$ cat final_24.cif   # mmCIF, C-alpha atoms (C1' of nucleotides)
data_my_file
loop_
_atom_site.label_atom_id
_atom_site.label_comp_id
_atom_site.auth_asym_id
_atom_site.auth_seq_id
_atom_site.Cartn_x
_atom_site.Cartn_y
_atom_site.Cartn_z
CA MET E 625 81.63 79.39 103.25
CA GLU E 626 84.20 76.84 102.11
CA ASN E 627 87.73 77.39 103.30
CA SER E 628 88.96 77.46 99.73
CA GLN E 629 86.48 80.20 98.85
CA LYS E 630 87.52 82.17 101.88
CA ALA E 631 91.15 81.87 100.82
CA LEU E 632 90.35 83.08 97.32
CA VAL E 633 88.46 86.09 98.59
CA LEU E 634 91.24 86.95 101.00
CA LEU E 635 93.88 86.63 98.32
CA ARG E 636 91.96 89.03 96.15
CA GLN E 637 91.71 91.45 99.06
CA ILE E 638 95.42 91.24 99.63
CA ILE E 639 96.17 91.91 96.01
CA ARG E 640 93.76 94.81 95.97
CA SER E 641 95.37 96.35 99.04
CA THR E 642 98.87 96.12 97.67
CA ASP E 643 97.60 97.54 94.42
CA MET E 644 96.15 100.55 96.23
CA GLN E 645 99.37 100.97 98.17
CA ASP E 646 101.37 100.97 94.97
CA LYS E 647 99.13 103.68 93.63
CA ASP E 648 99.63 105.74 96.79
CA ILE E 649 103.38 105.48 96.36
CA SER E 650 103.09 106.24 92.68
CA ARG E 651 101.30 109.43 93.45
CA SER E 652 103.71 110.51 96.14
CA THR E 653 106.77 109.88 93.96
CA GLY E 654 105.27 111.20 90.75
CA LEU E 655 105.99 107.92 89.01
CA THR E 656 103.58 105.67 87.15
CA PRO E 657 103.09 102.19 88.61
CA PRO E 658 105.32 100.46 86.05
CA GLN E 659 108.01 103.08 86.51
CA LEU E 660 107.81 102.59 90.25
CA MET E 661 108.13 98.87 89.81
CA VAL E 662 111.33 99.30 87.83
CA MET E 663 112.72 101.56 90.52
CA GLN E 664 111.83 99.14 93.29
CA THR E 665 113.33 96.23 91.43
CA LEU E 666 116.53 98.18 90.88
CA ARG E 667 116.70 99.27 94.47
CA GLU E 668 116.90 95.64 95.46
CA ASN E 669 119.29 94.48 92.79
CA THR E 670 121.75 97.32 92.17
CA GLN E 671 122.37 96.34 88.58
CA LEU E 672 120.20 94.44 86.13
CA THR E 673 120.04 94.10 82.38
CA THR E 674 116.99 95.19 80.43
CA GLY E 675 116.13 91.55 79.85
CA GLU E 676 116.38 90.63 83.50
CA LEU E 677 114.10 93.51 84.37
CA ALA E 678 111.61 92.37 81.76
CA LYS E 679 111.60 88.82 83.10
CA GLU E 680 111.24 90.00 86.66
CA MET E 681 108.31 92.24 85.79
CA VAL E 682 106.70 89.78 83.37
CA LEU E 683 106.77 92.23 80.47
CA THR E 684 108.39 92.18 77.05
CA GLN E 685 111.78 93.78 76.57
CA ALA E 686 110.27 96.35 74.24
CA THR E 687 107.94 97.52 76.97
CA VAL E 688 110.73 97.80 79.49
CA THR E 689 112.83 99.74 77.00
CA SER E 690 110.16 102.39 76.71
CA ILE E 691 109.69 102.65 80.46
CA LEU E 692 113.45 103.00 80.85
CA ASP E 693 113.50 105.75 78.23
CA ARG E 694 111.25 107.86 80.40
CA LEU E 695 113.09 107.13 83.64
CA GLU E 696 116.34 107.99 81.90
CA ARG E 697 114.90 111.28 80.66
CA LYS E 698 114.09 112.07 84.28
CA GLU E 699 117.63 111.06 85.24
CA LEU E 700 116.43 108.49 87.75
CA ILE E 701 118.23 105.56 86.10
CA ALA E 702 121.34 105.17 84.01
CA ARG E 703 122.08 102.73 81.19
CA GLU E 704 125.50 101.34 80.51
CA ARG E 705 126.57 99.03 77.69
CA GLY E 706 128.06 95.80 78.92
CA ILE E 707 131.82 95.55 78.56
CA GLU E 708 132.25 91.83 78.60
CA ASP E 709 129.09 91.29 76.54
CA LYS E 710 128.31 94.35 74.49
CA ARG E 711 124.79 93.27 73.66
CA LYS E 712 123.72 93.74 77.23
CA VAL E 713 122.67 97.01 78.78
CA TRP E 714 123.10 97.35 82.51
CA VAL E 715 120.60 99.52 84.28
CA SER E 716 121.05 101.12 87.67
CA LEU E 717 119.62 103.89 89.81
CA THR E 718 121.28 107.28 89.64
CA GLU E 719 122.04 109.32 92.73
CA LYS E 720 118.78 111.14 92.12
CA GLY E 721 116.96 107.85 91.72
CA VAL E 722 118.29 106.49 95.01
CA GLU E 723 117.29 109.73 96.68
CA LEU E 724 113.73 109.54 95.37
CA MET E 725 113.37 105.96 96.55
CA LYS E 726 114.51 106.84 100.05
CA GLY E 727 111.24 108.59 100.84
CA ALA E 728 107.75 107.24 100.68
CA PRO E 729 108.37 103.87 99.04
CA THR E 730 110.01 102.40 102.11
CA THR E 731 107.38 103.75 104.43
CA GLN E 732 104.81 101.14 103.48
CA GLN E 733 107.20 98.28 103.94
CA ASP E 734 108.33 99.73 107.24
CA ILE E 735 104.77 99.87 108.49
CA PHE E 736 104.26 96.29 107.41
CA VAL E 737 107.43 95.14 109.14
CA ARG E 738 106.55 97.02 112.29
CA ASN E 739 103.09 95.48 112.43
CA PHE E 740 104.41 92.09 111.59
CA GLU E 741 107.02 92.22 114.31
CA ASP E 742 104.39 93.14 116.86
CA MET E 743 102.98 89.66 116.45
CA GLN E 744 103.88 86.70 118.57
CA ASN E 745 106.63 84.55 117.17
CA TRP E 746 104.40 81.54 116.69
CA GLU E 747 102.02 83.62 114.64
CA GLN E 748 104.80 84.99 112.48
CA SER E 749 105.94 81.46 111.76
CA MET E 750 102.44 80.34 111.02
CA ILE E 751 101.94 83.15 108.56
CA VAL E 752 105.24 82.56 106.83
CA SER E 753 104.54 78.90 106.31
CA SER E 754 101.03 79.62 105.10
CA LEU E 755 102.36 82.11 102.61
CA GLU E 756 104.97 79.59 101.50
CA ARG E 757 102.25 77.06 100.87
CA ILE E 758 100.16 79.49 98.85
CA ALA E 759 103.11 80.84 96.92
CA PHE E 760 104.18 77.34 96.00
CA MET E 761 100.68 76.34 94.93
CA LEU E 762 100.15 79.40 92.80
CA ASN E 763 103.50 79.08 91.17
CA ALA E 764 103.01 75.42 90.28
CA GLN E 765 99.56 76.33 89.05
CA HIS E 766 100.83 78.87 86.58
CA LEU E 767 103.12 76.27 85.08
CA ASP E 768 100.39 73.60 85.01
CA ALA E 769 97.59 75.75 83.66
CA ALA E 770 99.44 77.47 80.85
CA PRO E 771 99.37 74.44 78.52
CA LEU E 772 95.75 73.78 79.43
CA LEU E 773 94.72 77.26 78.51
CA ASP E 774 96.48 77.05 75.19
CA ILE E 775 93.92 74.53 74.00
CA GLY E 776 91.34 77.26 74.18
CA GLU E 777 93.47 79.42 71.96
CA LEU E 778 92.55 77.54 68.84
CA ASP E 779 89.08 78.96 68.51
CA ARG E 780 89.31 82.33 70.15
CA SER E 781 87.82 84.91 67.87
CA GLN E 782 89.01 88.21 69.30
CA GLN E 783 92.65 87.64 69.91
CA GLU E 784 95.56 90.06 70.20
CA TYR E 785 96.03 92.80 72.71
CA SER E 786 96.82 95.20 69.93
CA LYS E 787 93.67 94.60 67.99
CA ASN E 788 90.92 95.19 70.53
CA MET V 60 116.33 86.05 107.22
CA GLU V 61 113.80 87.86 109.38
CA ASN V 62 110.29 86.50 109.36
CA SER V 63 108.97 89.84 108.20
CA GLN V 64 111.35 89.88 105.26
CA LYS V 65 110.35 86.34 104.36
CA ALA V 66 106.71 87.37 104.44
CA LEU V 67 107.38 90.34 102.17
CA VAL V 68 109.23 88.22 99.65
CA LEU V 69 106.49 85.61 99.66
CA LEU V 70 103.79 88.20 99.22
CA ARG V 71 105.60 89.54 96.21
CA GLN V 72 105.88 86.03 94.81
CA ILE V 73 102.18 85.48 95.31
CA ILE V 74 101.31 88.71 93.57
CA ARG V 75 103.67 87.88 90.73
CA SER V 76 102.09 84.44 90.27
CA THR V 77 98.56 85.74 90.19
CA ASP V 78 99.69 88.42 87.79
CA MET V 79 101.10 85.78 85.45
CA GLN V 80 97.91 83.76 85.77
CA ASP V 81 95.83 86.75 84.84
CA LYS V 82 97.97 87.22 81.77
CA ASP V 83 97.47 83.57 80.83
CA ILE V 84 93.72 84.00 81.11
CA SER V 85 93.86 87.25 79.20
CA ARG V 86 95.56 85.54 76.33
CA SER V 87 93.19 82.59 76.29
CA THR V 88 90.08 84.78 76.33
CA GLY V 89 91.41 87.41 73.96
CA LEU V 90 90.78 90.12 76.55
CA THR V 91 93.24 92.62 77.94
CA PRO V 92 93.91 92.39 81.68
CA PRO V 93 91.68 95.35 82.58
CA GLN V 94 88.91 94.03 80.36
CA LEU V 95 89.20 90.67 82.05
CA MET V 96 88.99 92.30 85.43
CA VAL V 97 85.75 94.02 84.50
CA MET V 98 84.32 90.72 83.29
CA GLN V 99 85.37 88.90 86.47
CA THR V 100 83.92 91.62 88.65
CA LEU V 101 80.65 91.47 86.76
CA ARG V 102 80.53 87.70 86.93
CA GLU V 103 80.47 87.98 90.68
CA ASN V 104 78.07 90.87 90.99
CA THR V 105 75.49 90.47 88.24
CA GLN V 106 74.83 94.19 88.00
CA LEU V 107 76.99 97.15 88.89
CA THR V 108 77.08 100.81 87.96
CA THR V 109 80.06 102.31 86.18
CA GLY V 110 81.04 104.06 89.38
CA GLU V 111 80.88 100.91 91.47
CA LEU V 112 83.06 99.15 88.95
CA ALA V 113 85.55 102.00 89.08
CA LYS V 114 85.69 101.89 92.86
CA GLU V 115 86.07 98.13 92.91
CA MET V 116 88.91 98.23 90.39
CA VAL V 117 90.55 101.34 91.87
CA LEU V 118 90.35 103.26 88.60
CA THR V 119 88.67 106.49 87.59
CA GLN V 120 85.23 106.40 86.05
CA ALA V 121 86.63 107.81 82.82
CA THR V 122 88.96 104.85 82.47
CA VAL V 123 86.20 102.36 83.16
CA THR V 124 83.96 104.08 80.63
CA SER V 125 86.51 103.51 77.90
CA ILE V 126 87.06 99.88 78.85
CA LEU V 127 83.30 99.36 78.81
CA ASP V 128 83.09 100.95 75.36
CA ARG V 129 85.32 98.23 73.97
CA LEU V 130 83.58 95.39 75.81
CA GLU V 131 80.26 96.71 74.57
CA ARG V 132 81.54 96.82 71.01
CA LYS V 133 82.41 93.14 71.41
CA GLU V 134 78.94 92.53 72.83
CA LEU V 135 80.29 91.02 76.02
CA ILE V 136 78.57 93.52 78.31
CA ALA V 137 75.40 95.59 78.14
CA ARG V 138 74.70 99.04 79.53
CA GLU V 139 71.32 100.10 80.77
CA ARG V 140 70.27 103.51 82.05
CA GLY V 141 68.92 103.41 85.58
CA ILE V 142 65.16 103.78 85.86
CA GLU V 143 64.85 105.00 89.40
CA ASP V 144 67.99 107.14 89.07
CA LYS V 145 68.62 108.05 85.47
CA ARG V 146 72.16 109.26 86.07
CA LYS V 147 73.30 105.74 86.76
CA VAL V 148 74.25 103.20 84.15
CA TRP V 149 73.90 99.57 85.09
CA VAL V 150 76.38 97.22 83.51
CA SER V 151 75.95 93.47 83.15
CA LEU V 152 77.33 90.55 81.18
CA THR V 153 75.54 89.58 78.00
CA GLU V 154 74.79 85.98 77.13
CA LYS V 155 77.96 85.98 75.07
CA GLY V 156 79.90 87.47 77.96
CA VAL V 157 78.69 84.81 80.38
CA GLU V 158 79.63 82.17 77.83
CA LEU V 159 83.15 83.52 77.43
CA MET V 160 83.67 83.58 81.17
CA LYS V 161 82.59 79.97 81.52
CA GLY V 162 85.77 78.68 79.92
CA ALA V 163 89.35 79.27 80.92
CA PRO V 164 88.84 81.86 83.64
CA THR V 165 87.40 79.37 86.07
CA THR V 166 90.03 76.77 85.34
CA GLN V 167 92.68 78.52 87.40
CA GLN V 168 90.39 78.89 90.36
CA ASP V 169 89.35 75.27 90.04
CA ILE V 170 92.93 74.13 90.17
CA PHE V 171 93.49 76.28 93.22
CA VAL V 172 90.41 74.94 94.94
CA ARG V 173 91.33 71.36 94.13
CA ASN V 174 94.83 71.79 95.53
CA PHE V 175 93.54 73.63 98.52
CA GLU V 176 91.02 70.96 99.31
CA ASP V 177 93.69 68.30 99.16
CA MET V 178 95.17 69.80 102.29
CA GLN V 179 94.39 68.70 105.79
CA ASN V 180 91.66 70.63 107.48
CA TRP V 181 93.94 72.06 110.13
CA GLU V 182 96.20 73.42 107.44
CA GLN V 183 93.33 74.99 105.55
CA SER V 184 92.24 76.77 108.70
CA MET V 185 95.75 77.90 109.42
CA ILE V 186 96.12 79.37 105.98
CA VAL V 187 92.78 81.12 106.09
CA SER V 188 93.53 82.78 109.39
CA SER V 189 97.00 83.77 108.22
CA LEU V 190 95.53 85.35 105.12
CA GLU V 191 92.95 87.11 107.23
CA ARG V 192 95.67 88.58 109.36
CA ILE V 193 97.67 89.79 106.37
CA ALA V 194 94.62 91.12 104.56
CA PHE V 195 93.59 93.07 107.61
CA MET V 196 97.07 94.48 108.13
CA LEU V 197 97.48 95.58 104.56
CA ASN V 198 94.09 97.16 104.46
CA ALA V 199 94.63 99.15 107.62
CA GLN V 200 98.01 100.11 106.29
CA HIS V 201 96.62 101.65 103.15
CA LEU V 202 94.32 103.80 105.22
CA ASP V 203 97.08 104.79 107.65
CA ALA V 204 99.78 105.51 105.14
CA ALA V 205 97.79 107.53 102.65
CA PRO V 206 97.79 110.73 104.73
CA LEU V 207 101.46 110.22 105.57
CA LEU V 208 102.38 109.97 101.93
CA ASP V 209 100.42 113.09 101.11
CA ILE V 210 102.90 115.17 103.06
CA GLY V 211 105.46 114.29 100.45
CA GLU V 212 103.19 115.63 97.77
CA LEU V 213 103.99 119.23 98.62
CA ASP V 214 107.43 119.23 97.09
CA ARG V 215 107.21 116.62 94.41
CA SER V 216 108.71 118.01 91.26
CA GLN V 217 107.57 115.58 88.57
CA GLN V 218 104.00 115.01 89.48
CA GLU V 219 101.06 113.91 87.37
CA TYR V 220 100.67 110.67 85.55
CA SER V 221 99.70 112.59 82.46
CA LYS V 222 102.79 114.75 82.29
CA ASN V 223 105.61 112.24 82.41
"C1'" DA H 349 58.26 125.85 92.52
"C1'" DG H 350 62.81 126.47 91.23
"C1'" DG H 351 67.59 127.44 91.46
"C1'" DG H 352 72.20 125.90 93.32
"C1'" DG H 353 75.07 122.37 94.55
"C1'" DA H 354 76.13 117.49 94.39
"C1'" DT H 355 76.38 113.19 91.88
"C1'" DA H 356 76.91 109.88 87.73
"C1'" DA H 357 78.58 109.21 83.61
"C1'" DT H 358 80.75 110.65 79.37
"C1'" DT H 359 83.79 113.35 76.30
"C1'" DT H 360 88.14 115.40 75.23
"C1'" DG H 361 92.90 115.63 75.08
"C1'" DT H 362 97.34 113.83 76.30
"C1'" DA H 363 100.89 110.73 78.25
"C1'" DT H 364 101.95 106.18 79.07
"C1'" DT H 365 101.83 101.30 78.72
"C1'" DT H 366 101.94 97.31 76.06
"C1'" DC H 367 102.24 94.42 72.36
"C1'" DT H 368 104.11 92.45 67.74
"C1'" DA H 369 107.20 92.72 64.06
"C1'" DA H 370 111.26 94.22 62.16
"C1'" DG H 371 115.93 95.83 62.60
"C1'" DT H 372 120.84 96.21 64.55
"C1'" DA H 373 124.71 94.59 66.91
"C1'" DT H 374 127.10 91.02 69.10
"C1'" DT H 375 128.02 86.40 70.57
"C1'" DT H 376 128.10 81.45 70.05
"C1'" DA H 377 128.24 77.23 67.73
"C1'" DT H 378 129.12 74.47 63.85
"C1'" DA B 1001 133.71 82.01 58.81
"C1'" DT B 1002 129.17 81.83 58.46
"C1'" DA B 1003 124.55 80.67 60.36
"C1'" DA B 1004 121.78 80.73 64.32
"C1'" DA B 1005 120.86 82.65 68.64
"C1'" DT B 1006 120.77 86.41 71.93
"C1'" DA B 1007 120.11 91.29 73.69
"C1'" DC B 1008 118.28 95.26 72.87
"C1'" DT B 1009 115.97 99.03 70.25
"C1'" DT B 1010 112.77 101.07 66.93
"C1'" DA B 1011 108.35 101.62 64.75
"C1'" DG B 1012 103.62 101.48 64.74
"C1'" DA B 1013 99.15 100.70 66.72
"C1'" DA B 1014 95.68 99.71 70.27
"C1'" DA B 1015 94.51 100.09 74.92
"C1'" DT B 1016 94.91 102.15 79.43
"C1'" DA B 1017 94.85 105.97 82.54
"C1'" DC B 1018 94.32 110.46 84.18
"C1'" DA B 1019 92.53 115.37 84.77
"C1'" DA B 1020 89.40 118.66 83.25
"C1'" DA B 1021 85.31 119.95 81.05
"C1'" DT B 1022 80.54 118.71 79.83
"C1'" DT B 1023 75.90 116.80 80.17
"C1'" DA B 1024 72.12 115.03 82.58
"C1'" DT B 1025 69.84 114.14 86.69
"C1'" DC B 1026 68.91 114.34 91.50
"C1'" DC B 1027 68.28 116.56 95.96
"C1'" DC B 1028 67.76 120.13 99.12
"C1'" DC B 1029 66.50 124.59 100.72
"C1'" DT B 1030 64.21 128.76 100.80
#
$ encode --input "final_24.cif" --output "structure tokens"
Amino acid sequence: MENSQKALVLLRQIIRSTDMQDKDISRSTGLTPPQLMVMQTLRENTQLTTGELAKEMVLTQATVTSILDRLERKELIARERGIEDKRKVWVSLTEKGVELMKGAPTTQQDIFVRNFEDMQNWEQSMIVSSLERIAFMLNAQHLDAAPLLDIGELDRSQQEYSKN
Amino acid sequence: MENSQKALVLLRQIIRSTDMQDKDISRSTGLTPPQLMVMQTLRENTQLTTGELAKEMVLTQATVTSILDRLERKELIARERGIEDKRKVWVSLTEKGVELMKGAPTTQQDIFVRNFEDMQNWEQSMIVSSLERIAFMLNAQHLDAAPLLDIGELDRSQQEYSKN
DNA sequence: AGGGGATAATTTGTATTTCTAAGTATTTAT
DNA sequence: ATAAATACTTAGAAATACAAATTATCCCCT
């Protein structure tokens, strides 16, 4: 098989694995995958606005608002109007939210780190630079391909998420 | 930063990029992301049963059934009762489905392949073996961690996707 | 042969995600 | 000071996702 095909297959495997892991964590925390993603993002950033969360998760603000509604009802996050800019809403984990995220969610990362650190240093470096290469390529690709794909939008017949 | 942390960050970037790409393709084909995933899976496998699709996509059969309903309504896939085992339902792309998948969806992969093939051979090999390593690790990890995470299920208070 | 359990898919019912469009409040720029 | 832009929410609708129940078929065992 071509190297490029191998890489594509492996990438799909990697994405599938992380997807399954996310579902494991979802189940063990009692959160849905999007809710979990909000929690994870907040764990790493302390405080974010609704808009920043939306951008980070590649979702619309409206979507994030509704996910936050549910997390707020469960008292896992708190919303706070901005003082300096009152349009903004700052979101952060509550005590309870921090507590929940202390359990299972870290486990997976810990296992990864442990396995990763068992490798020889040269291999770690090799992997990091490979991942850098791939990440860069894929990122550039998204930017390049978006305009290309828009050409196809002219004649699509069954458009609109909300109409299928 | 630690190598392991770098790797984690890069993996997240990679997943985010592919996620954005999928959304681009979704928009250009007029399919939702899950619908697209069914189509892509079928493009690679010619014929699959509902259950095989569900397993491949890490979803329940019920969910896949409802996605298939909509794709069938659009005449992009066809269902056919198994002959040798009548419980099974074989799913495949229709002419129209194949046609739709010929456009945009391949573009992204083509760009990837083109970029990948521009690299030196030694670098291609390096990346492939790095991805192999990561894919293997993550896969093993899912299997290892699942039982661990189940322990936490005993005292979870807000369980169940369908009750949040 | 023929019943009981397992398997494959669907149906049902409900919560959640996700989007677009419209609306509100606030800030910024002219 | 007013218009445009920004940040977020609300409203409404389609799609996704699950568990549980149902239907049909298969397979095994006595």
$ interface_residues --input "final_24.cif" --of "chain B" --to "chain E" --cutoff "8 Å" --atoms "only C-alpha atoms (C1' of nucleotides)" --output "list in words"
DA1007, DC1008, DT1009, DA1013, DA1014 and DA1015 of chain B
$ interface_residues --input "final_24.cif" --of "chain H" --to "chain V" --cutoff "12 Å" --atoms "all atoms listed in the file" --output "PDB file with C-alpha atoms (C1' of nucleotides), in the coordinates of the input"
ATOM      1  C1'  DT H 355      76.380 113.190  91.880  1.00  0.00           C
ATOM      2  C1'  DA H 356      76.910 109.880  87.730  1.00  0.00           C
ATOM      3  C1'  DA H 357      78.580 109.210  83.610  1.00  0.00           C
ATOM      4  C1'  DT H 358      80.750 110.650  79.370  1.00  0.00           C
ATOM      5  C1'  DT H 359      83.790 113.350  76.300  1.00  0.00           C
ATOM      6  C1'  DT H 360      88.140 115.400  75.230  1.00  0.00           C
ATOM      7  C1'  DG H 361      92.900 115.630  75.080  1.00  0.00           C
ATOM      8  C1'  DT H 362      97.340 113.830  76.300  1.00  0.00           C
ATOM      9  C1'  DA H 363     100.890 110.730  78.250  1.00  0.00           C
ATOM     10  C1'  DT H 364     101.950 106.180  79.070  1.00  0.00           C
ATOM     11  C1'  DT H 365     101.830 101.300  78.720  1.00  0.00           C
ATOM     12  C1'  DT H 366     101.940  97.310  76.060  1.00  0.00           C
ATOM     13  C1'  DC H 367     102.240  94.420  72.360  1.00  0.00           C
TER      14       DC H 367
END
$ resolve_selection --input "final_24.cif" --expression "the PyMOL selection byres ((chain H and resi 351) around 12)" --output "short mmCIF file (atom, residue, chain, number, x, y, z; two decimals) with C-alpha atoms (C1' of nucleotides), keeping the file's coordinate frame"
data_model
loop_
_atom_site.label_atom_id
_atom_site.label_comp_id
_atom_site.auth_asym_id
_atom_site.auth_seq_id
_atom_site.Cartn_x
_atom_site.Cartn_y
_atom_site.Cartn_z
"C1'" DA H 349 58.26 125.85 92.52
"C1'" DG H 350 62.81 126.47 91.23
"C1'" DG H 352 72.20 125.90 93.32
"C1'" DG H 353 75.07 122.37 94.55
"C1'" DC B 1027 68.28 116.56 95.96
"C1'" DC B 1028 67.76 120.13 99.12
"C1'" DC B 1029 66.50 124.59 100.72
"C1'" DT B 1030 64.21 128.76 100.80
#
$ residues_around --input "final_24.cif" --residues "H:DA377" --least-positions-apart "5" --cutoff "12 Å" --atoms "all atoms listed in the file" --output "list in words"
DA1001, DT1002, DA1003, DA1004 and DA1005 of chain B
$ write_last_selection --input "final_24.cif" --atoms "C-alpha atoms (C1' of nucleotides)" --output "short mmCIF file (atom, residue, chain, number, x, y, z; two decimals), keeping the file's coordinate frame"
data_model
loop_
_atom_site.label_atom_id
_atom_site.label_comp_id
_atom_site.auth_asym_id
_atom_site.auth_seq_id
_atom_site.Cartn_x
_atom_site.Cartn_y
_atom_site.Cartn_z
"C1'" DA B 1001 133.71 82.01 58.81
"C1'" DT B 1002 129.17 81.83 58.46
"C1'" DA B 1003 124.55 80.67 60.36
"C1'" DA B 1004 121.78 80.73 64.32
"C1'" DA B 1005 120.86 82.65 68.64
#
$ atom_distance --input "final_24.cif" --atom1 "atom CA of V:Arg138" --atom2 "atom CA of V:Val117"
20.2 Å
$ atom_distance --input "final_24.cif" --atom1 "atom CA of E:Val752" --atom2 "atom CA of V:Ala66"
5.6 Å
$ resolve_selection --input "final_24.cif" --expression "the PyMOL selection byres ((chain E and resi 667) around 10)" --output "ChimeraX atom specification"
/E:661-666,668-671,716-717,721-722,725-726
$ residues_around --input "final_24.cif" --residues "E:Leu762" --least-positions-apart "6" --cutoff "10 Å" --atoms "all atoms listed in the file" --output "list in words"
Glu756 and Asp768 of chain E; Gln72, Ile73, Ile74, Arg75, Ser76, Thr77, Met79, Gln80, Gln167, Ile170, Phe171 and Asn174 of chain V
$ atom_distance --input "final_24.cif" --atom1 "atom CA of E:Gln733" --atom2 "atom CA of E:Leu635"
18.6 Å
$ closest_residue --input "final_24.cif" --among "E:Lys720, E:Ile691, E:Met625, E:Lys630" --to "chain V" --atoms "only C-alpha atoms"
E:Lys630
$ residues_near_point --input "final_24.cif" --point "(107.4, 96.7, 64.8)" --cutoff "7 Å" --atoms "only C-alpha atoms (C1' of nucleotides)" --output "list of chain:residue names"
H:DT368, H:DA369, H:DA370, B:DA1011, B:DG1012
$ residues_around --input "final_24.cif" --residues "V:Ser189" --least-positions-apart "2" --cutoff "8 Å" --atoms "only C-alpha atoms (C1' of nucleotides)" --output "PyMOL selection string"
(chain E and resi 750-751+754-755) or (chain V and resi 185-187+191-193)
$ build_atoms --input "final_24.cif" --residues "stretch 94-107 of chain V" --atoms "N, CA, C and O atoms" --output "JSON list (two decimals), keeping the file's coordinate frame"
[["chain", "number", "residue", "atom", "x", "y", "z"],
["V", 94, "GLN", "N", 90.19, 94.52, 80.87],
["V", 94, "GLN", "CA", 88.91, 94.03, 80.36],
["V", 94, "GLN", "C", 88.50, 92.77, 81.12],
["V", 94, "GLN", "O", 87.35, 92.61, 81.53],
["V", 95, "LEU", "N", 89.47, 91.90, 81.31],
["V", 95, "LEU", "CA", 89.20, 90.67, 82.05],
["V", 95, "LEU", "C", 88.72, 90.98, 83.46],
["V", 95, "LEU", "O", 87.78, 90.35, 83.96],
["V", 96, "MET", "N", 89.35, 91.96, 84.06],
["V", 96, "MET", "CA", 88.99, 92.30, 85.43],
["V", 96, "MET", "C", 87.55, 92.80, 85.51],
["V", 96, "MET", "O", 86.82, 92.45, 86.45],
["V", 97, "VAL", "N", 87.13, 93.58, 84.55],
["V", 97, "VAL", "CA", 85.75, 94.02, 84.50],
["V", 97, "VAL", "C", 84.83, 92.80, 84.40],
["V", 97, "VAL", "O", 83.85, 92.68, 85.14],
["V", 98, "MET", "N", 85.15, 91.90, 83.51],
["V", 98, "MET", "CA", 84.32, 90.72, 83.29],
["V", 98, "MET", "C", 84.23, 89.88, 84.56],
["V", 98, "MET", "O", 83.15, 89.41, 84.94],
["V", 99, "GLN", "N", 85.36, 89.70, 85.23],
["V", 99, "GLN", "CA", 85.37, 88.90, 86.47],
["V", 99, "GLN", "C", 84.54, 89.57, 87.56],
["V", 99, "GLN", "O", 83.81, 88.91, 88.29],
["V", 100, "THR", "N", 84.68, 90.89, 87.64],
["V", 100, "THR", "CA", 83.92, 91.62, 88.65],
["V", 100, "THR", "C", 82.43, 91.50, 88.39],
["V", 100, "THR", "O", 81.64, 91.33, 89.31],
["V", 101, "LEU", "N", 82.07, 91.57, 87.11],
["V", 101, "LEU", "CA", 80.65, 91.47, 86.76],
["V", 101, "LEU", "C", 80.12, 90.05, 86.96],
["V", 101, "LEU", "O", 78.96, 89.87, 87.32],
["V", 102, "ARG", "N", 80.98, 89.08, 86.74],
["V", 102, "ARG", "CA", 80.53, 87.70, 86.93],
["V", 102, "ARG", "C", 80.10, 87.47, 88.37],
["V", 102, "ARG", "O", 79.17, 86.71, 88.65],
["V", 103, "GLU", "N", 80.76, 88.18, 89.27],
["V", 103, "GLU", "CA", 80.47, 87.98, 90.68],
["V", 103, "GLU", "C", 79.37, 88.87, 91.21],
["V", 103, "GLU", "O", 78.89, 88.68, 92.32],
["V", 104, "ASN", "N", 79.01, 89.90, 90.45],
["V", 104, "ASN", "CA", 78.07, 90.87, 90.99],
["V", 104, "ASN", "C", 76.81, 91.10, 90.16],
["V", 104, "ASN", "O", 76.01, 91.96, 90.50],
["V", 105, "THR", "N", 76.69, 90.35, 89.07],
["V", 105, "THR", "CA", 75.49, 90.47, 88.24],
["V", 105, "THR", "C", 75.33, 91.86, 87.64],
["V", 105, "THR", "O", 75.42, 92.04, 86.44],
["V", 106, "GLN", "N", 75.08, 92.83, 88.49],
["V", 106, "GLN", "CA", 74.83, 94.19, 88.00],
["V", 106, "GLN", "C", 75.56, 95.20, 88.84],
["V", 106, "GLN", "O", 75.44, 95.22, 90.06],
["V", 107, "LEU", "N", 76.29, 96.08, 88.19],
["V", 107, "LEU", "CA", 76.99, 97.15, 88.89],
["V", 107, "LEU", "C", 76.90, 98.42, 88.06],
["V", 107, "LEU", "O", 76.75, 98.37, 86.85]]
